[in-house]
Structure formats: structure tokens, C-alpha cells
$ cat data08.cif   # mmCIF, C-alpha atoms
data_entry
loop_
_atom_site.label_atom_id
_atom_site.label_comp_id
_atom_site.auth_asym_id
_atom_site.auth_seq_id
_atom_site.Cartn_x
_atom_site.Cartn_y
_atom_site.Cartn_z
CA MET A 1 53.98 63.32 2.08
CA GLU A 2 53.26 60.31 -0.13
CA SER A 3 49.51 60.91 0.09
CA ALA A 4 50.04 64.51 -0.97
CA VAL A 5 51.98 63.34 -4.05
CA GLN A 6 49.19 60.89 -4.87
CA LEU A 7 46.61 63.67 -4.68
CA ILE A 8 48.75 65.92 -6.88
CA GLU A 9 49.21 63.18 -9.49
CA LEU A 10 45.54 62.21 -9.51
CA GLY A 11 44.48 65.82 -9.70
CA ALA A 12 46.86 66.43 -12.59
CA ILE A 13 45.57 63.36 -14.46
CA ILE A 14 41.89 64.23 -14.01
CA LEU A 15 42.45 67.89 -14.87
CA ALA A 16 44.40 66.87 -17.99
CA LEU A 17 41.55 64.55 -18.99
CA GLY A 18 39.10 67.40 -18.55
CA LEU A 19 41.17 69.70 -20.75
CA LEU A 20 41.55 66.99 -23.40
CA GLY A 21 37.81 66.35 -23.26
CA ALA A 22 37.21 70.05 -23.83
CA VAL A 23 39.49 69.92 -26.89
CA SER A 24 37.54 66.94 -28.25
CA VAL A 25 34.24 68.77 -27.77
CA ARG A 26 35.63 71.91 -29.40
CA PHE A 27 36.71 70.03 -32.54
CA SER A 28 33.92 67.40 -32.48
CA ILE A 29 36.26 64.41 -32.25
CA SER A 30 36.32 61.39 -29.96
CA PRO A 31 38.42 61.97 -26.81
CA ILE A 32 39.71 58.38 -26.75
CA PRO A 33 42.87 58.93 -28.85
CA LEU A 34 43.72 61.97 -26.73
CA TYR A 35 43.31 59.94 -23.52
CA LEU A 36 45.64 57.27 -24.91
CA ILE A 37 48.28 59.84 -25.79
CA ALA A 38 47.99 61.26 -22.27
CA GLY A 39 48.69 57.77 -20.93
CA LEU A 40 51.86 57.60 -23.03
CA ALA A 41 52.96 60.95 -21.59
CA PHE A 42 52.38 59.84 -17.97
CA GLY A 43 53.74 56.30 -18.42
CA SER A 44 57.14 54.65 -18.41
CA GLY A 45 59.39 56.46 -20.85
CA GLY A 46 56.98 59.37 -21.11
CA VAL A 47 57.33 63.04 -20.28
CA TYR A 48 56.23 62.74 -16.62
CA PRO A 49 56.03 59.14 -15.33
CA LEU A 50 53.75 58.53 -12.37
CA THR A 51 55.42 57.47 -9.12
CA THR A 52 52.76 56.80 -6.49
CA SER A 53 49.25 56.71 -8.00
CA GLU A 54 49.62 53.85 -10.50
CA ASP A 55 47.80 51.34 -8.26
CA PHE A 56 44.78 53.60 -7.98
CA VAL A 57 44.78 54.18 -11.74
CA SER A 58 44.99 50.40 -12.29
CA ILE A 59 41.89 49.72 -10.15
CA GLY A 60 40.10 52.68 -11.71
CA ALA A 61 40.80 51.28 -15.17
CA GLU A 62 39.20 47.94 -14.26
CA VAL A 63 36.18 49.73 -12.82
CA GLY A 64 35.92 51.76 -16.03
CA VAL A 65 35.66 48.69 -18.25
CA ILE A 66 33.15 47.08 -15.89
CA LEU A 67 30.91 50.16 -15.85
CA LEU A 68 31.11 50.56 -19.63
CA LEU A 69 29.85 47.02 -20.15
CA PHE A 70 27.27 47.27 -17.35
CA THR A 71 25.67 50.40 -18.81
CA LEU A 72 25.73 48.77 -22.26
CA GLY A 73 23.89 45.78 -20.80
CA LEU A 74 21.21 48.10 -19.41
CA GLU A 75 20.16 48.88 -22.98
CA TYR A 76 18.94 45.31 -23.64
CA THR A 77 16.80 42.67 -21.97
CA ALA A 78 17.76 39.08 -21.26
CA ASP A 79 15.33 37.78 -23.91
CA GLU A 80 16.89 40.09 -26.52
CA LEU A 81 20.34 38.81 -25.58
CA VAL A 82 19.42 35.13 -25.92
CA GLY A 83 17.57 35.73 -29.20
CA THR A 84 20.51 37.66 -30.58
CA LEU A 85 23.05 35.02 -29.56
CA LYS A 86 21.00 32.29 -31.24
CA THR A 87 21.13 34.13 -34.55
CA SER A 88 24.69 35.47 -34.25
CA ALA A 89 26.62 32.18 -34.30
CA PRO A 90 27.47 32.36 -38.05
CA VAL A 91 28.67 35.95 -37.69
CA GLY A 92 30.61 35.14 -34.52
CA LEU A 93 32.40 32.20 -36.11
CA ALA A 94 33.19 34.23 -39.23
CA ASP A 95 34.53 37.02 -37.01
CA MET A 96 36.77 34.54 -35.20
CA ALA A 97 38.14 33.03 -38.41
CA LEU A 98 38.72 36.35 -40.18
CA ASN A 99 40.44 38.09 -37.30
CA ALA A 100 42.34 35.33 -35.46
CA LEU A 101 44.05 33.86 -38.53
CA PRO A 102 46.21 36.95 -39.29
CA GLY A 103 47.71 36.84 -35.79
CA VAL A 104 48.33 33.11 -35.94
CA ALA A 105 49.96 33.44 -39.36
CA ALA A 106 52.18 36.34 -38.24
CA ALA A 107 53.50 34.45 -35.21
CA LEU A 108 54.25 31.34 -37.25
CA LEU A 109 55.96 33.34 -40.01
CA LEU A 110 58.10 35.10 -37.38
CA GLY A 111 59.09 31.71 -35.96
CA TRP A 112 57.60 32.25 -32.50
CA GLY A 113 56.06 28.79 -32.19
CA PRO A 114 52.51 27.41 -31.78
CA VAL A 115 51.83 28.72 -28.25
CA ALA A 116 52.74 32.27 -29.28
CA ALA A 117 50.57 31.77 -32.37
CA VAL A 118 47.58 30.95 -30.15
CA ALA A 119 48.28 34.11 -28.13
CA MET A 120 48.65 36.29 -31.23
CA GLY A 121 45.40 34.88 -32.62
CA GLY A 122 43.59 36.16 -29.54
CA ILE A 123 45.33 39.53 -29.75
CA THR A 124 44.21 40.16 -33.33
CA TYR A 125 40.75 38.63 -32.84
CA VAL A 126 38.93 40.37 -30.04
CA THR A 127 37.50 43.90 -30.22
CA SER A 128 37.85 46.28 -27.27
CA SER A 129 34.39 46.20 -25.71
CA GLY A 130 35.31 49.21 -23.58
CA ILE A 131 36.38 51.45 -26.46
CA THR A 132 33.53 50.30 -28.71
CA ALA A 133 30.96 50.92 -25.98
CA LYS A 134 32.40 54.40 -25.46
CA VAL A 135 32.34 55.14 -29.21
CA ILE A 136 28.73 53.97 -29.55
CA GLY A 137 27.68 56.16 -26.64
CA ASP A 138 29.66 59.22 -27.74
CA LEU A 139 28.29 59.13 -31.30
CA GLY A 140 24.69 58.41 -30.29
CA TRP A 141 24.52 55.06 -32.09
CA LEU A 142 22.73 53.14 -29.33
CA GLY A 143 19.36 53.45 -31.05
CA ASN A 144 20.60 52.53 -34.53
CA ARG A 145 19.32 49.44 -36.32
CA GLU A 146 22.77 47.90 -36.59
CA THR A 147 23.55 48.20 -32.87
CA PRO A 148 21.87 44.92 -31.76
CA ALA A 149 23.83 43.03 -34.42
CA LEU A 150 27.00 44.84 -33.39
CA LEU A 151 26.34 44.06 -29.73
CA SER A 152 25.82 40.39 -30.54
CA VAL A 153 29.33 40.27 -32.04
CA LEU A 154 30.80 41.86 -28.90
CA VAL A 155 28.95 39.44 -26.61
CA PHE A 156 30.02 36.47 -28.73
CA GLU A 157 33.64 37.65 -28.51
CA ASP A 158 33.46 38.12 -24.74
CA LEU A 159 31.97 34.66 -24.30
CA ALA A 160 34.65 33.26 -26.62
CA MET A 161 37.25 34.94 -24.41
CA ALA A 162 35.73 33.21 -21.40
CA ALA A 163 36.61 29.91 -23.09
CA TYR A 164 39.87 31.08 -24.67
CA LEU A 165 41.65 32.60 -21.66
CA PRO A 166 41.59 29.45 -19.48
CA ILE A 167 42.87 27.39 -22.41
CA LEU A 168 45.64 29.89 -23.18
CA THR A 169 46.65 30.04 -19.52
CA ALA A 170 46.88 26.25 -19.42
CA LEU A 171 48.97 26.17 -22.61
CA LEU A 172 51.34 28.84 -21.30
CA ALA A 173 51.77 26.91 -18.06
CA GLY A 174 52.28 23.63 -19.91
CA ALA A 175 49.28 22.09 -18.19
CA GLY A 176 48.18 20.15 -21.27
CA LEU A 177 44.71 19.13 -22.37
CA VAL A 178 43.43 18.03 -18.96
CA GLY A 179 44.24 21.33 -17.25
CA GLY A 180 42.75 23.28 -20.15
CA ALA A 181 39.56 21.20 -20.09
CA VAL A 182 39.10 21.75 -16.35
CA ALA A 183 39.61 25.51 -16.65
CA LEU A 184 37.17 25.65 -19.56
CA ALA A 185 34.53 23.70 -17.62
CA VAL A 186 34.78 26.11 -14.67
CA ALA A 187 34.44 29.12 -16.98
CA ALA A 188 31.43 27.63 -18.80
CA ALA A 189 29.68 26.78 -15.52
CA THR A 190 30.22 30.31 -14.19
CA ILE A 191 28.74 31.91 -17.32
CA ALA A 192 25.78 29.51 -17.22
CA VAL A 193 24.99 30.37 -13.60
CA ILE A 194 25.20 34.15 -14.16
CA LEU A 195 23.11 33.92 -17.34
CA PHE A 196 20.51 31.70 -15.63
CA VAL A 197 20.11 34.19 -12.78
CA ALA A 198 19.82 37.07 -15.26
CA LEU A 199 17.19 35.26 -17.34
CA ARG A 200 15.09 33.52 -14.71
CA HIS A 201 15.50 35.69 -11.65
CA GLY A 202 15.92 39.17 -13.06
CA ALA A 203 12.85 40.32 -11.12
CA TRP A 204 14.45 39.12 -7.88
CA VAL A 205 17.62 41.06 -8.71
CA GLU A 206 15.54 44.17 -9.35
CA ARG A 207 13.71 43.82 -6.02
CA PHE A 208 17.02 43.36 -4.24
CA VAL A 209 18.62 46.56 -5.57
CA SER A 210 15.47 48.71 -5.79
CA SER A 211 15.21 51.63 -3.38
CA PRO A 212 13.33 54.96 -3.23
CA SER A 213 16.65 56.61 -2.31
CA GLU A 214 18.95 57.30 -5.25
CA GLU A 215 21.95 57.14 -2.93
CA VAL A 216 21.04 53.64 -1.73
CA LEU A 217 20.23 52.51 -5.28
CA LEU A 218 23.61 53.76 -6.52
CA LEU A 219 25.49 51.90 -3.79
CA LYS A 220 23.54 48.68 -4.31
CA VAL A 221 23.88 48.62 -8.09
CA LEU A 222 27.55 49.56 -8.07
CA GLY A 223 28.36 47.06 -5.33
CA LEU A 224 26.47 44.21 -7.00
CA THR A 225 28.09 44.92 -10.37
CA LEU A 226 31.62 44.98 -8.97
CA LEU A 227 30.94 41.88 -6.84
CA VAL A 228 29.66 39.78 -9.74
CA ALA A 229 32.43 41.04 -12.04
CA GLY A 230 35.06 40.15 -9.45
CA ILE A 231 33.64 36.67 -8.89
CA ALA A 232 33.52 36.07 -12.63
CA GLN A 233 37.14 37.15 -13.03
CA GLN A 234 38.22 35.01 -10.07
CA LEU A 235 36.72 32.00 -11.83
CA GLN A 236 38.68 32.76 -15.03
CA VAL A 237 35.71 34.43 -16.74
CA SER A 238 35.82 37.97 -18.09
CA ALA A 239 34.73 40.57 -15.55
CA ALA A 240 33.15 42.41 -18.49
CA VAL A 241 30.85 39.44 -19.18
CA GLY A 242 29.69 39.38 -15.56
CA ALA A 243 29.03 43.14 -15.53
CA PHE A 244 27.18 42.96 -18.85
CA LEU A 245 24.88 40.19 -17.59
CA VAL A 246 24.11 42.17 -14.42
CA GLY A 247 23.11 45.05 -16.66
CA ILE A 248 20.66 42.99 -18.70
CA ALA A 249 19.11 41.61 -15.49
CA LEU A 250 17.77 45.12 -14.77
CA SER A 251 15.01 46.61 -16.88
CA GLY A 252 12.31 49.27 -17.00
CA SER A 253 12.44 52.39 -14.87
CA LEU A 254 15.05 50.84 -12.58
CA ALA A 255 17.46 50.41 -15.48
CA HIS A 256 16.82 54.01 -16.57
CA THR A 257 17.55 55.35 -13.09
CA ALA A 258 20.64 53.18 -12.69
CA HIS A 259 21.95 54.40 -16.04
CA LYS A 260 21.44 58.04 -15.03
CA LEU A 261 23.18 57.56 -11.68
CA LEU A 262 26.16 55.57 -12.96
CA SER A 263 26.85 57.47 -16.19
CA PRO A 264 29.09 60.13 -14.53
CA LEU A 265 31.11 57.42 -12.75
CA ARG A 266 31.34 55.44 -15.98
CA ASP A 267 32.68 58.43 -17.90
CA LEU A 268 35.29 59.19 -15.22
CA PHE A 269 36.62 55.66 -14.84
CA ALA A 270 36.41 54.92 -18.57
CA ALA A 271 38.74 57.87 -19.18
CA VAL A 272 41.06 56.47 -16.50
CA PHE A 273 41.03 53.12 -18.32
CA PHE A 274 42.30 54.65 -21.55
CA VAL A 275 45.03 56.50 -19.64
CA PHE A 276 46.02 53.29 -17.88
CA PHE A 277 46.38 51.53 -21.21
CA GLY A 278 48.81 54.19 -22.37
CA LEU A 279 50.73 54.04 -19.08
CA HIS A 280 51.86 50.50 -19.81
CA THR A 281 53.22 51.30 -23.26
CA ASP A 282 56.83 52.48 -23.37
CA PRO A 283 57.18 54.69 -26.47
CA HIS A 284 60.79 53.53 -26.97
CA ASP A 285 59.72 49.90 -27.55
CA LEU A 286 57.32 50.72 -30.37
CA PRO A 287 59.50 51.75 -33.39
CA PRO A 288 61.22 48.34 -33.95
CA VAL A 289 57.87 46.54 -34.35
CA LEU A 290 55.88 49.37 -35.89
CA GLY A 291 56.05 48.04 -39.46
CA ILE A 292 54.66 44.60 -38.58
CA ALA A 293 52.05 46.19 -36.32
CA ALA A 294 50.94 48.53 -39.12
CA VAL A 295 50.49 45.65 -41.56
CA LEU A 296 48.51 43.65 -38.99
CA ALA A 297 46.44 46.75 -38.18
CA ALA A 298 45.57 47.32 -41.84
CA VAL A 299 44.48 43.69 -42.14
CA GLY A 300 42.57 44.01 -38.87
CA ILE A 301 40.64 47.04 -40.11
CA ALA A 302 39.66 45.19 -43.28
CA THR A 303 38.56 42.03 -41.48
CA LYS A 304 36.52 43.90 -38.87
CA LEU A 305 34.84 45.95 -41.61
CA ALA A 306 33.93 42.66 -43.28
CA THR A 307 32.59 41.29 -39.98
CA GLY A 308 30.46 44.35 -39.26
CA TRP A 309 29.18 44.49 -42.84
CA PHE A 310 28.19 40.80 -42.68
CA ALA A 311 26.48 41.17 -39.29
CA ALA A 312 24.51 44.29 -40.25
CA ARG A 313 23.59 42.87 -43.66
CA ARG A 314 22.06 39.80 -41.99
CA ALA A 315 19.98 42.22 -39.91
CA GLY A 316 18.70 43.98 -43.06
CA VAL A 317 20.63 47.21 -42.44
CA ALA A 318 21.56 49.58 -45.28
CA ALA A 319 25.12 50.26 -46.45
CA THR A 320 25.82 53.18 -44.11
CA GLY A 321 24.74 51.15 -41.09
CA ARG A 322 26.93 48.26 -42.24
CA LEU A 323 29.94 50.58 -42.38
CA ARG A 324 29.12 51.97 -38.93
CA ALA A 325 29.02 48.42 -37.55
CA GLY A 326 32.35 47.61 -39.19
CA VAL A 327 34.28 50.64 -37.93
CA ALA A 328 32.82 50.24 -34.43
CA LEU A 329 34.47 46.80 -34.26
CA VAL A 330 37.93 48.08 -35.27
CA PRO A 331 39.33 49.14 -31.83
CA ARG A 332 41.43 46.69 -29.82
CA GLY A 333 42.20 47.28 -26.16
CA GLU A 334 41.79 45.63 -22.79
CA PHE A 335 41.58 41.91 -23.67
CA ASN A 336 44.40 42.20 -26.19
CA ILE A 337 46.77 43.68 -23.63
CA VAL A 338 45.75 41.04 -21.05
CA ILE A 339 46.54 38.27 -23.54
CA ALA A 340 49.89 39.82 -24.43
CA GLY A 341 50.75 40.24 -20.74
CA LEU A 342 50.01 36.57 -20.03
CA ALA A 343 52.17 35.46 -22.95
CA VAL A 344 55.11 37.74 -22.10
CA SER A 345 55.07 36.84 -18.38
CA ALA A 346 55.20 33.16 -19.37
CA GLY A 347 58.34 33.82 -21.39
CA THR A 348 56.81 33.16 -24.80
CA ASN A 349 58.64 35.86 -26.78
CA ALA A 350 60.03 39.22 -25.71
CA ARG A 351 58.90 40.95 -28.92
CA LEU A 352 55.29 39.88 -28.54
CA GLY A 353 54.53 42.53 -25.90
CA PRO A 354 55.73 45.59 -27.86
CA LEU A 355 54.14 44.25 -31.05
CA ALA A 356 50.79 43.82 -29.31
CA ALA A 357 51.08 47.28 -27.73
CA ALA A 358 51.83 48.95 -31.08
CA TYR A 359 49.05 47.02 -32.80
CA VAL A 360 46.49 47.88 -30.15
CA LEU A 361 47.57 51.52 -29.98
CA ILE A 362 47.17 51.94 -33.74
CA LEU A 363 43.69 50.43 -33.75
CA ALA A 364 42.60 52.05 -30.49
CA VAL A 365 43.30 55.41 -32.14
CA ALA A 366 42.14 54.48 -35.67
CA GLY A 367 38.83 52.96 -34.54
CA PRO A 368 37.28 56.09 -32.98
CA VAL A 369 38.67 58.28 -35.80
CA LEU A 370 37.15 56.02 -38.47
CA ALA A 371 33.87 55.89 -36.56
CA ARG A 372 33.73 59.66 -36.40
CA GLY A 373 34.38 59.99 -40.13
CA VAL A 374 32.26 57.19 -41.58
CA GLU A 375 28.99 59.13 -41.84
CA PRO A 376 30.49 62.32 -43.34
CA LEU A 377 32.41 60.15 -45.80
CA THR A 378 29.31 58.25 -46.94
CA ARG A 379 27.39 61.54 -47.30
CA THR A 380 30.21 63.00 -49.41
CA VAL A 381 30.38 59.92 -51.65
CA ARG A 382 26.60 59.93 -52.09
CA ALA A 383 26.58 63.65 -52.94
CA ARG A 384 29.37 63.22 -55.50
CA ARG A 385 27.55 60.35 -57.17
CA THR A 386 24.38 62.43 -57.37
CA ALA A 387 26.27 65.41 -58.80
CA ARG A 388 28.03 63.18 -61.35
CA ARG A 389 24.71 61.79 -62.56
CA GLU A 390 23.31 65.31 -62.89
CA ARG A 391 26.36 66.51 -64.88
CA THR A 392 26.35 63.54 -67.24
CA PRO A 393 25.17 64.79 -70.69
CA GLN A 394 22.13 63.13 -72.16
CA THR A 395 22.88 60.84 -75.12
CA ASP A 396 20.70 59.80 -77.99
CA ASP A 397 20.04 56.56 -76.19
CA ASP A 398 18.59 58.50 -73.26
CA VAL A 399 16.06 60.40 -75.45
CA PRO A 400 12.73 58.60 -75.41
CA VAL A 401 11.51 57.45 -78.81
CA VAL A 402 8.02 58.75 -79.65
CA PRO A 403 6.24 56.41 -82.09
CA ALA A 404 4.93 58.02 -85.28
CA PRO A 405 1.10 58.26 -85.55
CA ARG A 406 -0.45 55.46 -87.53
CA PRO A 407 -2.36 56.51 -90.70
CA ASP A 408 -6.12 56.43 -90.60
CA PRO A 409 -7.33 53.31 -92.44
CA ALA A 410 -10.26 55.30 -93.87
CA GLY A 411 -7.88 57.94 -95.25
CA GLY A 412 -9.71 60.77 -93.46
CA GLY A 413 -8.38 63.52 -91.29
CA ARG A 414 -9.11 64.28 -87.67
#

$ encode --input "data08.cif" --output "C-alpha cells"
Amino acid sequence: MESAVQLIELGAIILALGLLGAVSVRFSISPIPLYLIAGLAFGSGGVYPLTTSEDFVSIGAEVGVILLLFTLGLEYTADELVGTLKTSAPVGLADMALNALPGVAAALLLGWGPVAAVAMGGITYVTSSGITAKVIGDLGWLGNRETPALLSVLVFEDLAMAAYLPILTALLAGAGLVGGAVALAVAAATIAVILFVALRHGAWVERFVSSPSEEVLLLKVLGLTLLVAGIAQQLQVSAAVGAFLVGIALSGSLAHTAHKLLSPLRDLFAAVFFVFFGLHTDPHDLPPVLGIAAVLAAVGIATKLATGWFAARRAGVAATGRLRAGVALVPRGEFNIVIAGLAVSAGTNARLGPLAAAYVLILAVAGPVLARGVEPLTRTVRARRTARRERTPQTDDDVPVVPAPRPDPAGGGR
């Protein structure tokens, strides 16, 4: 009987996602906000809470984030990644300063203490790689000039999280500097090993997974990606970083085939991820912290716009591309909720969880909406400026002055 209920719940979720996706296609909007609202409806305090399938949805959500970052990594080579990271340090540090400080300041002003301030800094800092990757793919921005600069910011943030999470965990546990240093060393070593294999032995990885059978290739690539992501997470490194590095280790026709085979699975599990995020947000806990969350969200939009503008400007991208980069960085999601969960489970502050949930929900919805509207908005502004210039009456200063003909020195005519 329990298995039948699980099948009914999963079928209802997937069918609902399909109907919401059809609505998004009909009205040319991103489906992400609709998926999040569906999660609220199926979650605790919602219209129809799930009873038996939450574990499956939880694993599916993790797989969704992993596949989103893996397919994003397929778009770039290892050499492009290293070159981008070398030039992205100023942007990455500016991104960290601009976006972590509001969270730190809010926690200190609310009197939550320094450990909660460190947690809130991480919550307001890091962009949702999963949502941003989905937005970039949905809107067809992968080939844009600003995308490499945008990707470099995401990679820098994920690598920063690989250093930040072990330190935060040590602080929450009261382990002190020694425990934090050990955790950080393990995380750094894990990233170095994965990156070394991706850079130096990418050809070996390709030979290992290559197969004339698409079925075998799908199983090998999916298994290797999940395995590396799981090992990375076990060693206190982001699973998303591991999956991304596996993606860049593949190139050429193999990467193209892997992308084609895994795209349907990515879309399915990515939708499940957004539902899962909504499942863990009780709507009744949001109103008391909504005002603070809205203020932090407004600041977060401004600081991410500044980050994207700075990154794209350094890459020589025009104003529209800079705005696209900025709005693509607005969403918060998976890492932010993980950080909040760690802090709440350690007993930091009971209000931190609902505040983080409200903050992330606002920006997870606002990010895709802003991304969808940025290009029509810039076109409208440009058209209005052009029309205004055309309607402006010509003044005497605008009339060119024609010099009078000089008299003939000889006094004769023409």
C-alpha cells in the first residue's frame, strides 16, 4: 500500500510540473517560480503535504543540482576554466565583499552574535548555481559574450563555498581554529586532485567513458558524475564543484553526445530540485520575517547587479550584456538553504531559518523574472530614447552656420 501511495504522489508531482511547464511555455515565462510555488503547496503547511515520497524527492533534488552543473561544465574546456579563474579573482573578491557584508551586518544588528553573522554572510553571498544554470539554458544565453565572465563568478563562489563550509561547520561545532584549518586543508586537497585530473588526464577520462552505445555512454557518464560528486561532498567539498569539473574534463563530440543524452534527465531532476526547495519552507513561518527578508533581498539584487556589471565590463561586454550578467546572479537557492540548515541545527538562532527561507524564496522568484524581462526592458528604454531625440525640436544652435562668400579681391563677378 505504501508503494502505491508513493507512486501516486510522485505521479501527481511530475504531472503538476508538466502542467506548470506548459503554462510557462504558453506565457513565455521561466517555470522556476511556478515550481517553487508547487513546492510550497506540497510541503509542510501547504495544501497537500507529502507523506511517503519526500526521501525520493530529496535525492532527486541533489541529482538535479549535480546534473545542472555537470551540463554547464560541458560547455567549457579545462584550459578555459583555468584562464577564466586567473582573471576573475578581482571580480570574485568584489562579489564576496559586496554580497556577504549585508548578511553579516543584519545578523549583528539583530543581536544574533558573530557565528550567526558568519552564517548570514554566506546566505546573502552565494548565488544559486542550479537556478542560474537553468535560467541561462532556458533563455539561450550560453553563447553570449558575458557568459564566460558570469560562469567565472559562479565557479569562484562554488570554490569559495568549498573553503567556507568546513570553516562554518567548525565554528558551529566550537572546534576552533585548528579544526577549521584541518577541514579547510581537506577541502582544498580534494579540489586540487579533481582539478588536476580534469586538466591533465581529461583524455583518459574520455577514453574511460567513451562507448559506441548511447545506453552504455549514458550509464558511464551519469555514474561517474554522481560518484565524483558524492566523494567531493563526503570530503566537505561541494558536490556541484565535483560535477562541474567532471563536465569540463569531457570535450568534443563526446561532450556533445553526453549533453544530448543527459539533458532530459537534467530537466526532470532540476524541476524536482525546485519543488524540494519549496517543500522545506513552511508558509506560516514567513510573514514575521518578511520585512527584513525584503530589505535584504533588495540589497542583494543591487549588489549582484553591480557584480555582474563589473564582471561583464571587464570582459568588454556592452550594457545589455552587463545587465544580463547581473540579473543572472540574483537567484539564491541550494547553498543558502544548506548554510541556514547547518546554523539552525547547531542552535544558532531560531529566526535564522525562516529569514533565510524568505530571503531565498524572494530572490529565487525575482531572479528568473528579472532575467526574462531585462532584454525587453533595455529595448524599450532604447526605443524611448531614440523617439525622444527624434521629437526634440531643432534649436538655433542646431542649425549649421554657412559662412558668407568672401568678396573677390579683383572686384569682378563670376

$ resolve_selection --input "data08.cif" --expression "the PyMOL selection byres ((chain A and resi 365) around 9)" --output "NGL selection string"
:A and (32-34 or 36 or 331 or 360-364 or 366-370)

$ closest_residue --input "data08.cif" --among "A:Val115, A:Leu68, A:Ala185, A:Leu150" --to "Leu171 of chain A" --atoms "only C-alpha atoms"
A:Val115

$ closest_residue --input "data08.cif" --among "A:Ala149, A:Leu265, A:Ala328, A:Val275" --to "Glu54 of chain A" --atoms "only C-alpha atoms"
A:Val275

$ resolve_selection --input "data08.cif" --expression "the PyMOL selection byres ((chain A and resi 315-324) around 7)" --output "PyMOL selection string"
chain A and resi 145-146+149+305+308-309+311-314+325-328+371+374+378

$ atom_distance --input "data08.cif" --atom1 "atom CA of Thr386 of chain A" --atom2 "atom CA of Gly140 of chain A"
27.4 Å

$ closest_residue --input "data08.cif" --among "A:Ala346, A:Ala192, A:Ile13, A:Leu377" --to "Gly43 of chain A" --atoms "all atoms listed in the file"
A:Ile13

$ atom_distance --input "data08.cif" --atom1 "atom CA of Pro376 of chain A" --atom2 "atom CA of Thr303 of chain A"
21.9 Å

$ build_atoms --input "data08.cif" --residues "segment 140-154 of chain A" --atoms "N, CA and C atoms" --output "PDB file, in the frame of the given file"
ATOM      1  N   GLY A 140      26.145  58.541 -30.294  1.00  0.00           N
ATOM      2  CA  GLY A 140      24.690  58.410 -30.290  1.00  0.00           C
ATOM      3  C   GLY A 140      24.173  57.295 -31.168  1.00  0.00           C
ATOM      4  N   TRP A 141      24.896  56.170 -31.224  1.00  0.00           N
ATOM      5  CA  TRP A 141      24.520  55.060 -32.090  1.00  0.00           C
ATOM      6  C   TRP A 141      23.717  53.983 -31.366  1.00  0.00           C
ATOM      7  N   LEU A 142      23.407  54.189 -30.095  1.00  0.00           N
ATOM      8  CA  LEU A 142      22.730  53.140 -29.330  1.00  0.00           C
ATOM      9  C   LEU A 142      21.376  52.764 -29.936  1.00  0.00           C
ATOM     10  N   GLY A 143      20.676  53.732 -30.505  1.00  0.00           N
ATOM     11  CA  GLY A 143      19.360  53.450 -31.050  1.00  0.00           C
ATOM     12  C   GLY A 143      19.361  53.037 -32.510  1.00  0.00           C
ATOM     13  N   ASN A 144      20.538  52.889 -33.121  1.00  0.00           N
ATOM     14  CA  ASN A 144      20.600  52.530 -34.530  1.00  0.00           C
ATOM     15  C   ASN A 144      20.213  51.079 -34.770  1.00  0.00           C
ATOM     16  N   ARG A 145      19.774  50.792 -35.988  1.00  0.00           N
ATOM     17  CA  ARG A 145      19.320  49.440 -36.320  1.00  0.00           C
ATOM     18  C   ARG A 145      20.444  48.421 -36.281  1.00  0.00           C
ATOM     19  N   GLU A 146      21.666  48.853 -36.563  1.00  0.00           N
ATOM     20  CA  GLU A 146      22.770  47.900 -36.590  1.00  0.00           C
ATOM     21  C   GLU A 146      23.329  47.588 -35.210  1.00  0.00           C
ATOM     22  N   THR A 147      22.941  48.367 -34.191  1.00  0.00           N
ATOM     23  CA  THR A 147      23.550  48.200 -32.870  1.00  0.00           C
ATOM     24  C   THR A 147      23.278  46.833 -32.249  1.00  0.00           C
ATOM     25  N   PRO A 148      22.046  46.279 -32.302  1.00  0.00           N
ATOM     26  CA  PRO A 148      21.870  44.920 -31.760  1.00  0.00           C
ATOM     27  C   PRO A 148      22.775  43.880 -32.421  1.00  0.00           C
ATOM     28  N   ALA A 149      22.941  43.964 -33.741  1.00  0.00           N
ATOM     29  CA  ALA A 149      23.830  43.030 -34.420  1.00  0.00           C
ATOM     30  C   ALA A 149      25.280  43.246 -33.998  1.00  0.00           C
ATOM     31  N   LEU A 150      25.661  44.512 -33.848  1.00  0.00           N
ATOM     32  CA  LEU A 150      27.000  44.840 -33.390  1.00  0.00           C
ATOM     33  C   LEU A 150      27.225  44.331 -31.970  1.00  0.00           C
ATOM     34  N   LEU A 151      26.239  44.525 -31.118  1.00  0.00           N
ATOM     35  CA  LEU A 151      26.340  44.060 -29.730  1.00  0.00           C
ATOM     36  C   LEU A 151      26.462  42.546 -29.668  1.00  0.00           C
ATOM     37  N   SER A 152      25.746  41.849 -30.543  1.00  0.00           N
ATOM     38  CA  SER A 152      25.820  40.390 -30.540  1.00  0.00           C
ATOM     39  C   SER A 152      27.234  39.909 -30.852  1.00  0.00           C
ATOM     40  N   VAL A 153      27.942  40.627 -31.731  1.00  0.00           N
ATOM     41  CA  VAL A 153      29.330  40.270 -32.040  1.00  0.00           C
ATOM     42  C   VAL A 153      30.204  40.466 -30.806  1.00  0.00           C
ATOM     43  N   LEU A 154      30.006  41.594 -30.098  1.00  0.00           N
ATOM     44  CA  LEU A 154      30.800  41.860 -28.900  1.00  0.00           C
ATOM     45  C   LEU A 154      30.545  40.805 -27.825  1.00  0.00           C
TER      46      LEU A 154
END
